[in-house]
>>> print(open('protein-v7.cif').read())   # mmCIF, C-alpha atoms
data_run
loop_
_atom_site.group_PDB
_atom_site.id
_atom_site.type_symbol
_atom_site.label_atom_id
_atom_site.label_comp_id
_atom_site.auth_asym_id
_atom_site.auth_seq_id
_atom_site.Cartn_x
_atom_site.Cartn_y
_atom_site.Cartn_z
ATOM 1 C CA MET F 85 0.000 0.000 0.000
ATOM 2 C CA ALA F 86 1.545 3.340 -0.993
ATOM 3 C CA LEU F 87 1.462 5.556 2.079
ATOM 4 C CA ASP F 88 3.428 8.627 3.151
ATOM 5 C CA PRO F 89 4.082 7.883 6.814
ATOM 6 C CA PRO F 90 4.970 10.723 9.181
ATOM 7 C CA SER F 91 8.660 11.366 9.638
ATOM 8 C CA GLY F 92 10.564 10.855 12.859
ATOM 9 C CA GLN F 93 10.683 8.182 15.492
ATOM 10 C CA LEU F 94 7.491 6.685 16.843
ATOM 11 C CA GLY F 95 7.274 7.616 20.526
ATOM 12 C CA ASP F 96 10.513 7.596 22.505
ATOM 13 C CA THR F 97 13.907 6.081 21.678
ATOM 14 C CA SER F 98 12.827 2.653 22.958
ATOM 15 C CA VAL F 99 10.635 2.178 19.882
ATOM 16 C CA ILE F 100 12.114 -0.025 17.191
ATOM 17 C CA ILE F 101 10.166 1.158 14.132
ATOM 18 C CA ASP F 102 11.207 4.324 12.344
ATOM 19 C CA LEU F 103 8.203 5.528 10.376
ATOM 20 C CA ALA F 104 10.459 7.665 8.194
ATOM 21 C CA SER F 105 11.459 4.423 6.500
ATOM 22 C CA PRO F 106 8.389 3.049 4.685
ATOM 23 C CA THR F 107 10.214 -0.203 3.926
ATOM 24 C CA ASP F 108 9.923 -1.001 7.641
ATOM 25 C CA LEU F 109 6.146 -1.241 7.373
ATOM 26 C CA PRO F 110 4.365 -4.399 6.208
ATOM 27 C CA SER F 111 3.691 -4.458 2.475
ATOM 28 C CA ILE F 112 -0.079 -4.073 2.266
ATOM 29 C CA ASP F 113 -2.013 -3.478 -0.939
ATOM 30 C CA PRO F 114 -5.694 -2.464 -1.232
ATOM 31 C CA LEU F 115 -6.161 -5.351 -3.673
ATOM 32 C CA MET F 116 -5.501 -7.817 -0.854
ATOM 33 C CA ASN F 117 -8.410 -9.260 1.047
ATOM 34 C CA VAL F 118 -8.658 -8.160 4.641
ATOM 35 C CA ASP F 119 -7.754 -11.605 6.014
ATOM 36 C CA GLU F 120 -4.416 -11.628 4.193
ATOM 37 C CA ALA F 121 -3.617 -8.054 5.249
ATOM 38 C CA THR F 122 -4.561 -8.783 8.859
ATOM 39 C CA HIS F 123 -2.156 -11.741 9.028
ATOM 40 C CA LEU F 124 0.664 -9.538 7.715
ATOM 41 C CA VAL F 125 -0.036 -6.828 10.304
ATOM 42 C CA VAL F 126 -0.318 -9.249 13.228
ATOM 43 C CA ASP F 127 2.940 -10.967 12.224
ATOM 44 C CA PHE F 128 4.598 -7.558 11.893
ATOM 45 C CA LEU F 129 3.469 -6.431 15.349
ATOM 46 C CA THR F 130 4.525 -9.730 16.899
ATOM 47 C CA ASP F 131 8.015 -9.397 15.395
ATOM 48 C CA HIS F 132 8.574 -5.670 15.997
ATOM 49 C CA VAL F 133 6.528 -4.800 19.095
ATOM 50 C CA GLY F 134 6.051 -8.044 20.971
ATOM 51 C CA PRO F 135 4.106 -11.334 21.154
ATOM 52 C CA TYR F 136 1.175 -9.713 22.884
ATOM 53 C CA GLY F 137 -1.704 -11.755 21.449
ATOM 54 C CA TRP F 138 -2.747 -9.038 19.010
ATOM 55 C CA THR F 139 -6.433 -8.772 18.167
ATOM 56 C CA VAL F 140 -8.087 -6.967 15.269
ATOM 57 C CA SER F 141 -11.616 -5.595 15.618
ATOM 58 C CA ARG F 142 -13.931 -3.328 13.655
ATOM 59 C CA SER F 143 -15.727 -0.486 15.421
ATOM 60 C CA ALA F 144 -19.510 -0.694 15.302
ATOM 61 C CA ASP F 145 -19.658 3.124 15.314
ATOM 62 C CA ASP F 146 -17.410 4.128 12.418
ATOM 63 C CA GLY F 147 -16.415 0.802 10.853
ATOM 64 C CA ARG F 148 -12.709 1.474 11.360
ATOM 65 C CA VAL F 149 -10.238 -1.245 12.271
ATOM 66 C CA HIS F 150 -8.485 -1.151 15.644
ATOM 67 C CA LEU F 151 -5.496 -3.154 16.854
ATOM 68 C CA ARG F 152 -5.140 -4.139 20.480
ATOM 69 C CA ALA F 153 -2.845 -6.306 22.550
ATOM 70 C CA ARG F 154 -4.382 -8.869 24.858
ATOM 71 C CA ASP F 155 -4.188 -7.379 28.351
ATOM 72 C CA ASP F 156 -2.802 -10.409 30.138
ATOM 73 C CA ALA F 157 -0.094 -10.839 27.503
ATOM 74 C CA VAL F 158 1.374 -7.377 28.156
ATOM 75 C CA ALA F 159 1.323 -6.793 31.920
ATOM 76 C CA THR F 160 -0.760 -7.643 34.938
ATOM 77 C CA ASP F 161 -1.932 -4.115 35.762
ATOM 78 C CA ALA F 162 -3.375 -1.295 33.675
ATOM 79 C CA GLU F 163 -0.606 1.210 34.473
ATOM 80 C CA SER F 164 2.135 -1.178 33.371
ATOM 81 C CA ARG F 165 0.239 -2.049 30.185
ATOM 82 C CA ALA F 166 -0.117 1.630 29.363
ATOM 83 C CA THR F 167 3.600 2.165 29.919
ATOM 84 C CA VAL F 168 4.487 -0.687 27.571
ATOM 85 C CA LEU F 169 2.018 0.165 24.796
ATOM 86 C CA ARG F 170 1.853 3.982 24.880
ATOM 87 C CA PRO F 171 4.976 4.500 22.713
ATOM 88 C CA HIS F 172 3.455 2.251 20.043
ATOM 89 C CA GLY F 173 0.165 4.160 19.851
ATOM 90 C CA PRO F 174 0.907 6.032 16.597
ATOM 91 C CA LEU F 175 2.093 2.819 14.940
ATOM 92 C CA LEU F 176 -1.079 0.987 15.944
ATOM 93 C CA GLU F 177 -3.199 3.856 14.613
ATOM 94 C CA LEU F 178 -1.309 3.856 11.301
ATOM 95 C CA LEU F 179 -1.603 0.105 10.847
ATOM 96 C CA GLY F 180 -5.268 0.247 11.828
ATOM 97 C CA SER F 181 -5.803 2.932 9.192
ATOM 98 C CA MET F 182 -4.083 0.775 6.587
ATOM 99 C CA LEU F 183 -6.302 -2.176 7.463
ATOM 100 C CA SER F 184 -9.374 0.077 7.381
ATOM 101 C CA THR F 185 -8.492 1.021 3.798
ATOM 102 C CA VAL F 186 -8.062 -2.633 2.821
ATOM 103 C CA LEU F 187 -11.367 -3.503 4.516
ATOM 104 C CA SER F 188 -13.201 -0.716 2.679
ATOM 105 C CA CYS F 189 -11.840 -1.917 -0.670
ATOM 106 C CA ASP F 190 -12.647 -5.522 0.226
ATOM 107 C CA LEU F 191 -16.213 -4.632 1.177
ATOM 108 C CA ALA F 192 -16.630 -2.609 -2.022
ATOM 109 C CA ARG F 193 -15.538 -5.612 -4.092
ATOM 110 C CA LEU F 194 -17.910 -7.852 -2.165
ATOM 111 C CA GLU F 195 -20.775 -5.425 -2.746
ATOM 112 C CA GLU F 196 -19.995 -5.342 -6.472
ATOM 113 C CA ALA F 197 -20.015 -9.128 -6.507
ATOM 114 C CA ARG F 198 -23.310 -9.107 -4.628
ATOM 115 C CA LEU F 199 -24.865 -6.767 -7.195
ATOM 116 C CA ARG F 200 -23.585 -8.907 -10.072
ATOM 117 C CA GLY F 201 -25.010 -11.936 -8.343
ATOM 118 C CA ARG F 202 -28.385 -10.252 -8.035
ATOM 119 C CA ALA F 203 -28.381 -9.480 -11.755
ATOM 120 C CA GLU F 204 -27.535 -13.101 -12.538
ATOM 121 C CA MET F 205 -30.408 -14.211 -10.325
ATOM 122 C CA ALA F 206 -32.951 -12.303 -12.425
ATOM 123 C CA ALA F 207 -33.839 -15.630 -14.041
ATOM 124 C CA ASP F 208 -34.347 -17.154 -10.603
ATOM 125 C CA THR F 209 -37.538 -15.184 -9.980
ATOM 126 C CA ASP F 210 -40.904 -16.519 -8.887
ATOM 127 C CA VAL F 211 -43.373 -15.531 -11.589
ATOM 128 C CA LEU F 212 -46.366 -15.062 -9.277
ATOM 129 C CA THR F 213 -44.708 -12.806 -6.683
ATOM 130 C CA GLY F 214 -41.603 -11.371 -8.327
ATOM 131 C CA LEU F 215 -39.510 -12.690 -5.428
ATOM 132 C CA LEU F 216 -36.609 -15.098 -5.712
ATOM 133 C CA ASN F 217 -37.658 -18.676 -6.294
ATOM 134 C CA ARG F 218 -36.128 -21.690 -4.514
ATOM 135 C CA ARG F 219 -33.199 -21.854 -6.920
ATOM 136 C CA GLY F 220 -32.524 -18.153 -6.485
ATOM 137 C CA TRP F 221 -32.668 -18.532 -2.698
ATOM 138 C CA ALA F 222 -30.114 -21.350 -2.814
ATOM 139 C CA ARG F 223 -27.818 -19.239 -4.984
ATOM 140 C CA ALA F 224 -28.182 -16.293 -2.604
ATOM 141 C CA LEU F 225 -27.191 -18.382 0.412
ATOM 142 C CA GLN F 226 -24.243 -19.839 -1.464
ATOM 143 C CA ALA F 227 -23.088 -16.386 -2.558
ATOM 144 C CA GLU F 228 -23.306 -14.945 0.953
ATOM 145 C CA GLU F 229 -21.823 -17.933 2.819
ATOM 146 C CA GLY F 230 -18.207 -17.108 1.971
ATOM 147 C CA ARG F 231 -18.589 -13.453 2.888
ATOM 148 C CA TYR F 232 -20.104 -14.187 6.276
ATOM 149 C CA ARG F 233 -17.563 -16.872 7.138
ATOM 150 C CA ARG F 234 -14.740 -14.430 6.356
ATOM 151 C CA LEU F 235 -16.072 -11.299 8.006
ATOM 152 C CA GLY F 236 -18.260 -12.698 10.777
ATOM 153 C CA ASP F 237 -21.031 -10.156 10.210
ATOM 154 C CA PRO F 238 -24.436 -10.897 11.742
ATOM 155 C CA ALA F 239 -27.323 -12.215 9.666
ATOM 156 C CA VAL F 240 -30.684 -13.842 10.358
ATOM 157 C CA VAL F 241 -32.823 -16.289 8.378
ATOM 158 C CA ILE F 242 -36.606 -15.810 8.610
ATOM 159 C CA LEU F 243 -39.116 -18.388 7.365
ATOM 160 C CA VAL F 244 -42.827 -17.680 6.871
ATOM 161 C CA ASP F 245 -45.450 -20.369 6.228
ATOM 162 C CA LEU F 246 -49.010 -19.330 5.346
ATOM 163 C CA ASP F 247 -51.749 -21.048 7.320
ATOM 164 C CA HIS F 248 -54.901 -22.457 5.710
ATOM 165 C CA LEU F 249 -53.878 -21.748 2.096
ATOM 166 C CA LYS F 250 -55.165 -25.179 1.037
ATOM 167 C CA GLU F 251 -58.584 -24.344 2.461
ATOM 168 C CA VAL F 252 -58.617 -21.116 0.440
ATOM 169 C CA ASN F 253 -57.654 -22.968 -2.748
ATOM 170 C CA ASP F 254 -60.226 -25.699 -2.134
ATOM 171 C CA GLY F 255 -63.046 -23.367 -1.104
ATOM 172 C CA LEU F 256 -62.548 -20.296 -3.276
ATOM 173 C CA GLY F 257 -60.299 -21.510 -6.063
ATOM 174 C CA HIS F 258 -56.648 -21.105 -6.962
ATOM 175 C CA VAL F 259 -57.135 -17.550 -8.195
ATOM 176 C CA ALA F 260 -58.148 -16.549 -4.694
ATOM 177 C CA GLY F 261 -55.203 -18.530 -3.328
ATOM 178 C CA ASP F 262 -52.858 -16.675 -5.675
ATOM 179 C CA VAL F 263 -54.201 -13.359 -4.365
ATOM 180 C CA VAL F 264 -53.402 -14.473 -0.809
ATOM 181 C CA ILE F 265 -49.873 -15.468 -1.849
ATOM 182 C CA GLN F 266 -49.304 -12.154 -3.627
ATOM 183 C CA SER F 267 -50.619 -10.159 -0.659
ATOM 184 C CA ALA F 268 -48.366 -12.078 1.717
ATOM 185 C CA ALA F 269 -45.347 -11.604 -0.556
ATOM 186 C CA GLN F 270 -45.952 -7.851 -0.696
ATOM 187 C CA MET F 271 -46.299 -7.533 3.074
ATOM 188 C CA ILE F 272 -43.154 -9.580 3.727
ATOM 189 C CA GLU F 273 -41.124 -7.606 1.211
ATOM 190 C CA ASP F 274 -42.394 -4.297 2.604
ATOM 191 C CA CYS F 275 -40.969 -5.267 6.004
ATOM 192 C CA THR F 276 -37.482 -5.895 4.627
ATOM 193 C CA ARG F 277 -34.747 -3.633 3.285
ATOM 194 C CA PRO F 278 -33.594 -3.310 -0.354
ATOM 195 C CA TYR F 279 -30.453 -5.367 0.278
ATOM 196 C CA ASP F 280 -32.174 -8.260 2.079
ATOM 197 C CA TYR F 281 -33.013 -11.418 0.136
ATOM 198 C CA VAL F 282 -36.703 -12.368 -0.033
ATOM 199 C CA ALA F 283 -37.857 -15.603 -1.662
ATOM 200 C CA ARG F 284 -40.927 -17.707 -2.223
ATOM 201 C CA LEU F 285 -39.677 -21.244 -1.746
ATOM 202 C CA GLY F 286 -42.822 -22.745 -3.239
ATOM 203 C CA GLY F 287 -46.482 -23.124 -2.357
ATOM 204 C CA ASP F 288 -47.140 -21.224 0.847
ATOM 205 C CA GLU F 289 -43.569 -20.884 2.162
ATOM 206 C CA PHE F 290 -41.428 -17.751 2.099
ATOM 207 C CA ALA F 291 -37.872 -17.039 3.251
ATOM 208 C CA VAL F 292 -35.890 -13.911 4.125
ATOM 209 C CA LEU F 293 -32.150 -13.488 4.579
ATOM 210 C CA ALA F 294 -31.749 -10.323 6.638
ATOM 211 C CA VAL F 295 -28.140 -9.295 6.065
ATOM 212 C CA ASP F 296 -25.943 -7.366 8.506
ATOM 213 C CA VAL F 297 -28.606 -7.451 11.201
ATOM 214 C CA ALA F 298 -28.433 -8.616 14.815
ATOM 215 C CA GLU F 299 -30.990 -11.062 16.173
ATOM 216 C CA SER F 300 -32.695 -8.326 18.237
ATOM 217 C CA GLN F 301 -33.181 -6.218 15.098
ATOM 218 C CA ALA F 302 -34.480 -9.261 13.250
ATOM 219 C CA GLN F 303 -37.068 -9.769 15.986
ATOM 220 C CA ASP F 304 -38.377 -6.281 15.238
ATOM 221 C CA MET F 305 -38.599 -7.234 11.560
ATOM 222 C CA VAL F 306 -40.485 -10.422 12.412
ATOM 223 C CA ASP F 307 -42.910 -8.511 14.623
ATOM 224 C CA ARG F 308 -43.601 -6.053 11.787
ATOM 225 C CA MET F 309 -44.245 -8.952 9.421
ATOM 226 C CA ARG F 310 -46.795 -10.490 11.780
ATOM 227 C CA VAL F 311 -48.630 -7.178 12.087
ATOM 228 C CA ALA F 312 -48.530 -6.506 8.331
ATOM 229 C CA LEU F 313 -49.818 -9.986 7.453
ATOM 230 C CA ALA F 314 -52.634 -9.690 9.994
ATOM 231 C CA GLN F 315 -53.648 -6.357 8.459
ATOM 232 C CA VAL F 316 -54.398 -8.092 5.139
ATOM 233 C CA ASP F 317 -56.066 -11.053 6.887
ATOM 234 C CA VAL F 318 -53.284 -13.514 6.060
ATOM 235 C CA ALA F 319 -52.648 -16.053 8.805
ATOM 236 C CA ALA F 320 -49.028 -17.174 8.950
ATOM 237 C CA SER F 321 -46.465 -18.815 11.190
ATOM 238 C CA VAL F 322 -43.034 -17.175 11.387
ATOM 239 C CA GLY F 323 -39.727 -18.494 12.682
ATOM 240 C CA HIS F 324 -36.218 -17.093 12.612
ATOM 241 C CA ALA F 325 -32.666 -18.027 13.592
ATOM 242 C CA PRO F 326 -29.269 -16.271 13.485
ATOM 243 C CA TYR F 327 -26.404 -17.202 11.216
ATOM 244 C CA THR F 328 -23.396 -18.697 12.979
ATOM 245 C CA PRO F 329 -19.981 -19.363 11.399
ATOM 246 C CA GLU F 330 -20.011 -22.834 12.946
ATOM 247 C CA GLY F 331 -23.256 -23.982 11.357
ATOM 248 C CA GLY F 332 -23.478 -21.669 8.363
ATOM 249 C CA PHE F 333 -26.718 -20.844 6.606
ATOM 250 C CA THR F 334 -27.733 -24.504 6.392
ATOM 251 C CA ALA F 335 -27.981 -24.691 10.182
ATOM 252 C CA ALA F 336 -29.704 -21.293 10.361
ATOM 253 C CA VAL F 337 -32.395 -22.419 7.882
ATOM 254 C CA THR F 338 -32.924 -25.646 9.838
ATOM 255 C CA ALA F 339 -33.241 -23.752 13.130
ATOM 256 C CA ALA F 340 -35.621 -21.185 11.603
ATOM 257 C CA ASP F 341 -37.730 -24.017 10.189
ATOM 258 C CA ARG F 342 -38.003 -25.626 13.637
ATOM 259 C CA SER F 343 -38.953 -22.271 15.151
ATOM 260 C CA MET F 344 -41.603 -21.703 12.472
ATOM 261 C CA TYR F 345 -43.198 -25.120 12.933
ATOM 262 C CA ALA F 346 -43.177 -24.705 16.715
ATOM 263 C CA GLU F 347 -45.187 -21.516 16.255
ATOM 264 C CA LYS F 348 -47.522 -23.273 13.808
ATOM 265 C CA ARG F 349 -48.230 -25.964 16.421
ATOM 266 C CA ARG F 350 -48.936 -23.305 19.062
ATOM 267 C CA ARG F 351 -51.282 -21.483 16.695
ATOM 268 C CA ARG F 352 -53.180 -24.675 15.880
ATOM 269 C CA ALA F 353 -53.492 -25.525 19.552
ATOM 270 C CA THR F 354 -54.881 -22.061 20.247
ATOM 271 C CA HIS F 355 -56.962 -21.309 17.149
ATOM 272 C CA GLY F 356 -57.530 -24.730 15.622
#
>>> encode(input="protein-v7.cif", output="structure tokens")
Amino acid sequence: MALDPPSGQLGDTSVIIDLASPTDLPSIDPLMNVDEATHLVVDFLTDHVGPYGWTVSRSADDGRVHLRARDDAVATDAESRATVLRPHGPLLELLGSMLSTVLSCDLARLEEARLRGRAEMAADTDVLTGLLNRRGWARALQAEEGRYRRLGDPAVVILVDLDHLKEVNDGLGHVAGDVVIQSAAQMIEDCTRPYDYVARLGGDEFAVLAVDVAESQAQDMVDRMRVALAQVDVAASVGHAPYTPEGGFTAAVTAADRSMYAEKRRRRATHG
């Protein structure tokens, strides 16, 4: 990465790294992915500052990357830790800024890939609702799996199953059933954001991948869906589950499906 680091020594004379010499810094390029750049920076800090169990985190407020040493690896008390790490503060800020630049470029590339993927999924659209169909949903999960495993961002899978659609089809005809499906699709989509994935998996089942959202925020989305569906007289059971790197989206879909069917059983027990 081509940077013009500030001249002079970093901190006092005990500091090893001279920022006037850019060759001393790790060779980081914006075209790298953030994982590769992070490994270079952590190895650099371990070699030049100390084996302090370096951690890399992204601020929830401004999205910037911050580098920190593990407390118990530096010193046993806060004052001693501050004494050890204070001279390295400017270096940590500079390296964090470099990683922030790499992360921004990496995220931009991922977003471009996401948009290309959406364009490619135009053929994977459910004709009745205009939502993704089952094939498009599978492609969406596959496309997002790698991103979420790398970056660890939060995501939630929501499944919606319409109640009594068969009775509508049998009693009023499939045209009436199609109207119910279209109304439900519109309400579900209205409760999501433009960058979420919304699909009709077939028949009376819908799915949502709420990206970059914590489980508490997803609960708000689910609550809005229940209210919106009730407003158009569509009875539905809704379940959701968070994405985890350990289980991936496959496990999240399975957990959301269990949650949805548990609600369906409760609704049947209550309403028949």
>>> atom_distance(input="protein-v7.cif", atom1="CA of Ser181 (chain F)", atom2="CA of Ala162 (chain F)")
25.0 Å
>>> closest_residue(input="protein-v7.cif", among="F:Pro238, F:Pro171, F:Pro114, F:Gly323", to="Glu289 (chain F)", atoms="all atoms listed in the file")
F:Gly323
>>> closest_residue(input="protein-v7.cif", among="F:Val252, F:Met182, F:Leu293, F:Leu109", to="Val264 (chain F)", atoms="all atoms listed in the file")
F:Val252
>>> resolve_selection(input="protein-v7.cif", expression="the PyMOL selection byres ((chain F and resi 300-304) around 9)", output="MDAnalysis selection string")
chainID F and resid 239:242 294 297:299 305:309 324:326
>>> write_last_selection(input="protein-v7.cif", atoms="C-alpha atoms", output="PDB file, keeping the file's coordinate frame")
ATOM      1  CA  ALA F 239     -27.323 -12.215   9.666  1.00  0.00           C
ATOM      2  CA  VAL F 240     -30.684 -13.842  10.358  1.00  0.00           C
ATOM      3  CA  VAL F 241     -32.823 -16.289   8.378  1.00  0.00           C
ATOM      4  CA  ILE F 242     -36.606 -15.810   8.610  1.00  0.00           C
ATOM      5  CA  ALA F 294     -31.749 -10.323   6.638  1.00  0.00           C
ATOM      6  CA  VAL F 297     -28.606  -7.451  11.201  1.00  0.00           C
ATOM      7  CA  ALA F 298     -28.433  -8.616  14.815  1.00  0.00           C
ATOM      8  CA  GLU F 299     -30.990 -11.062  16.173  1.00  0.00           C
ATOM      9  CA  MET F 305     -38.599  -7.234  11.560  1.00  0.00           C
ATOM     10  CA  VAL F 306     -40.485 -10.422  12.412  1.00  0.00           C
ATOM     11  CA  ASP F 307     -42.910  -8.511  14.623  1.00  0.00           C
ATOM     12  CA  ARG F 308     -43.601  -6.053  11.787  1.00  0.00           C
ATOM     13  CA  MET F 309     -44.245  -8.952   9.421  1.00  0.00           C
ATOM     14  CA  HIS F 324     -36.218 -17.093  12.612  1.00  0.00           C
ATOM     15  CA  ALA F 325     -32.666 -18.027  13.592  1.00  0.00           C
ATOM     16  CA  PRO F 326     -29.269 -16.271  13.485  1.00  0.00           C
TER      17      PRO F 326
END
>>> atom_distance(input="protein-v7.cif", atom1="CA of Glu163 (chain F)", atom2="CA of Tyr136 (chain F)")
16.0 Å
>>> residues_around(input="protein-v7.cif", residues="Gly261 (chain F)", least_positions_apart="6", cutoff="10 Å", atoms="all atoms listed in the file", output="PyMOL selection string")
chain F and resi 248-255+267+287-288
>>> residues_around(input="protein-v7.cif", residues="Pro110 (chain F)", least_positions_apart="4", cutoff="10 Å", atoms="all atoms listed in the file", output="short mmCIF file (atom, residue, chain, number, x, y, z; two decimals) with C-alpha atoms, in the coordinates of the input")
data_model
loop_
_atom_site.label_atom_id
_atom_site.label_comp_id
_atom_site.auth_asym_id
_atom_site.auth_seq_id
_atom_site.Cartn_x
_atom_site.Cartn_y
_atom_site.Cartn_z
CA MET F 85 0.00 0.00 0.00
CA PRO F 106 8.39 3.05 4.68
CA ALA F 121 -3.62 -8.05 5.25
CA LEU F 124 0.66 -9.54 7.72
CA VAL F 125 -0.04 -6.83 10.30
CA VAL F 126 -0.32 -9.25 13.23
CA ASP F 127 2.94 -10.97 12.22
CA PHE F 128 4.60 -7.56 11.89
CA LEU F 129 3.47 -6.43 15.35
CA LEU F 179 -1.60 0.10 10.85
CA MET F 182 -4.08 0.78 6.59
#
>>> atom_distance(input="protein-v7.cif", atom1="CA of Glu195 (chain F)", atom2="CA of Ala227 (chain F)")
11.2 Å
>>> decode(input="protein-v7.cif", residues="region 265-284 of chain F", atoms="N, CA and C atoms", output="compact mmCIF listing (two decimals), in the first residue's frame")
# COMPACT_ATOMS: atom_id res chain seq x y z
N ILE F 265 -51.33 -15.34 -1.74
CA ILE F 265 -49.87 -15.47 -1.85
C ILE F 265 -49.24 -14.14 -2.23
N GLN F 266 -49.84 -13.44 -3.19
CA GLN F 266 -49.30 -12.15 -3.63
C GLN F 266 -49.38 -11.11 -2.52
N SER F 267 -50.48 -11.11 -1.77
CA SER F 267 -50.62 -10.16 -0.66
C SER F 267 -49.57 -10.43 0.41
N ALA F 268 -49.37 -11.71 0.71
CA ALA F 268 -48.37 -12.08 1.72
C ALA F 268 -46.97 -11.68 1.25
N ALA F 269 -46.67 -11.95 -0.02
CA ALA F 269 -45.35 -11.60 -0.56
C ALA F 269 -45.09 -10.11 -0.44
N GLN F 270 -46.11 -9.30 -0.76
CA GLN F 270 -45.95 -7.85 -0.70
C GLN F 270 -45.71 -7.38 0.73
N MET F 271 -46.46 -7.93 1.68
CA MET F 271 -46.30 -7.53 3.07
C MET F 271 -44.91 -7.92 3.61
N ILE F 272 -44.47 -9.12 3.27
CA ILE F 272 -43.15 -9.58 3.73
C ILE F 272 -42.06 -8.70 3.15
N GLU F 273 -42.15 -8.43 1.86
CA GLU F 273 -41.12 -7.61 1.21
C GLU F 273 -41.13 -6.19 1.76
N ASP F 274 -42.30 -5.65 2.05
CA ASP F 274 -42.39 -4.30 2.60
C ASP F 274 -41.71 -4.18 3.96
N CYS F 275 -41.58 -5.29 4.67
CA CYS F 275 -40.97 -5.27 6.00
C CYS F 275 -39.46 -5.48 5.96
N THR F 276 -38.92 -5.68 4.76
CA THR F 276 -37.48 -5.89 4.63
C THR F 276 -36.83 -4.66 4.02
N ARG F 277 -35.51 -4.73 3.87
CA ARG F 277 -34.75 -3.63 3.29
C ARG F 277 -34.31 -4.00 1.87
N PRO F 278 -33.91 -3.01 1.05
CA PRO F 278 -33.59 -3.31 -0.35
C PRO F 278 -32.49 -4.35 -0.53
N TYR F 279 -31.58 -4.45 0.43
CA TYR F 279 -30.45 -5.37 0.28
C TYR F 279 -30.67 -6.71 0.97
N ASP F 280 -31.84 -6.94 1.56
CA ASP F 280 -32.17 -8.26 2.08
C ASP F 280 -32.63 -9.15 0.93
N TYR F 281 -32.54 -10.46 1.13
CA TYR F 281 -33.01 -11.42 0.14
C TYR F 281 -34.38 -11.94 0.58
N VAL F 282 -35.35 -11.89 -0.33
CA VAL F 282 -36.70 -12.37 -0.03
C VAL F 282 -37.08 -13.36 -1.11
N ALA F 283 -37.57 -14.54 -0.70
CA ALA F 283 -37.86 -15.60 -1.66
C ALA F 283 -39.18 -16.28 -1.34
N ARG F 284 -39.82 -16.77 -2.39
CA ARG F 284 -40.93 -17.71 -2.22
C ARG F 284 -40.37 -19.09 -2.56
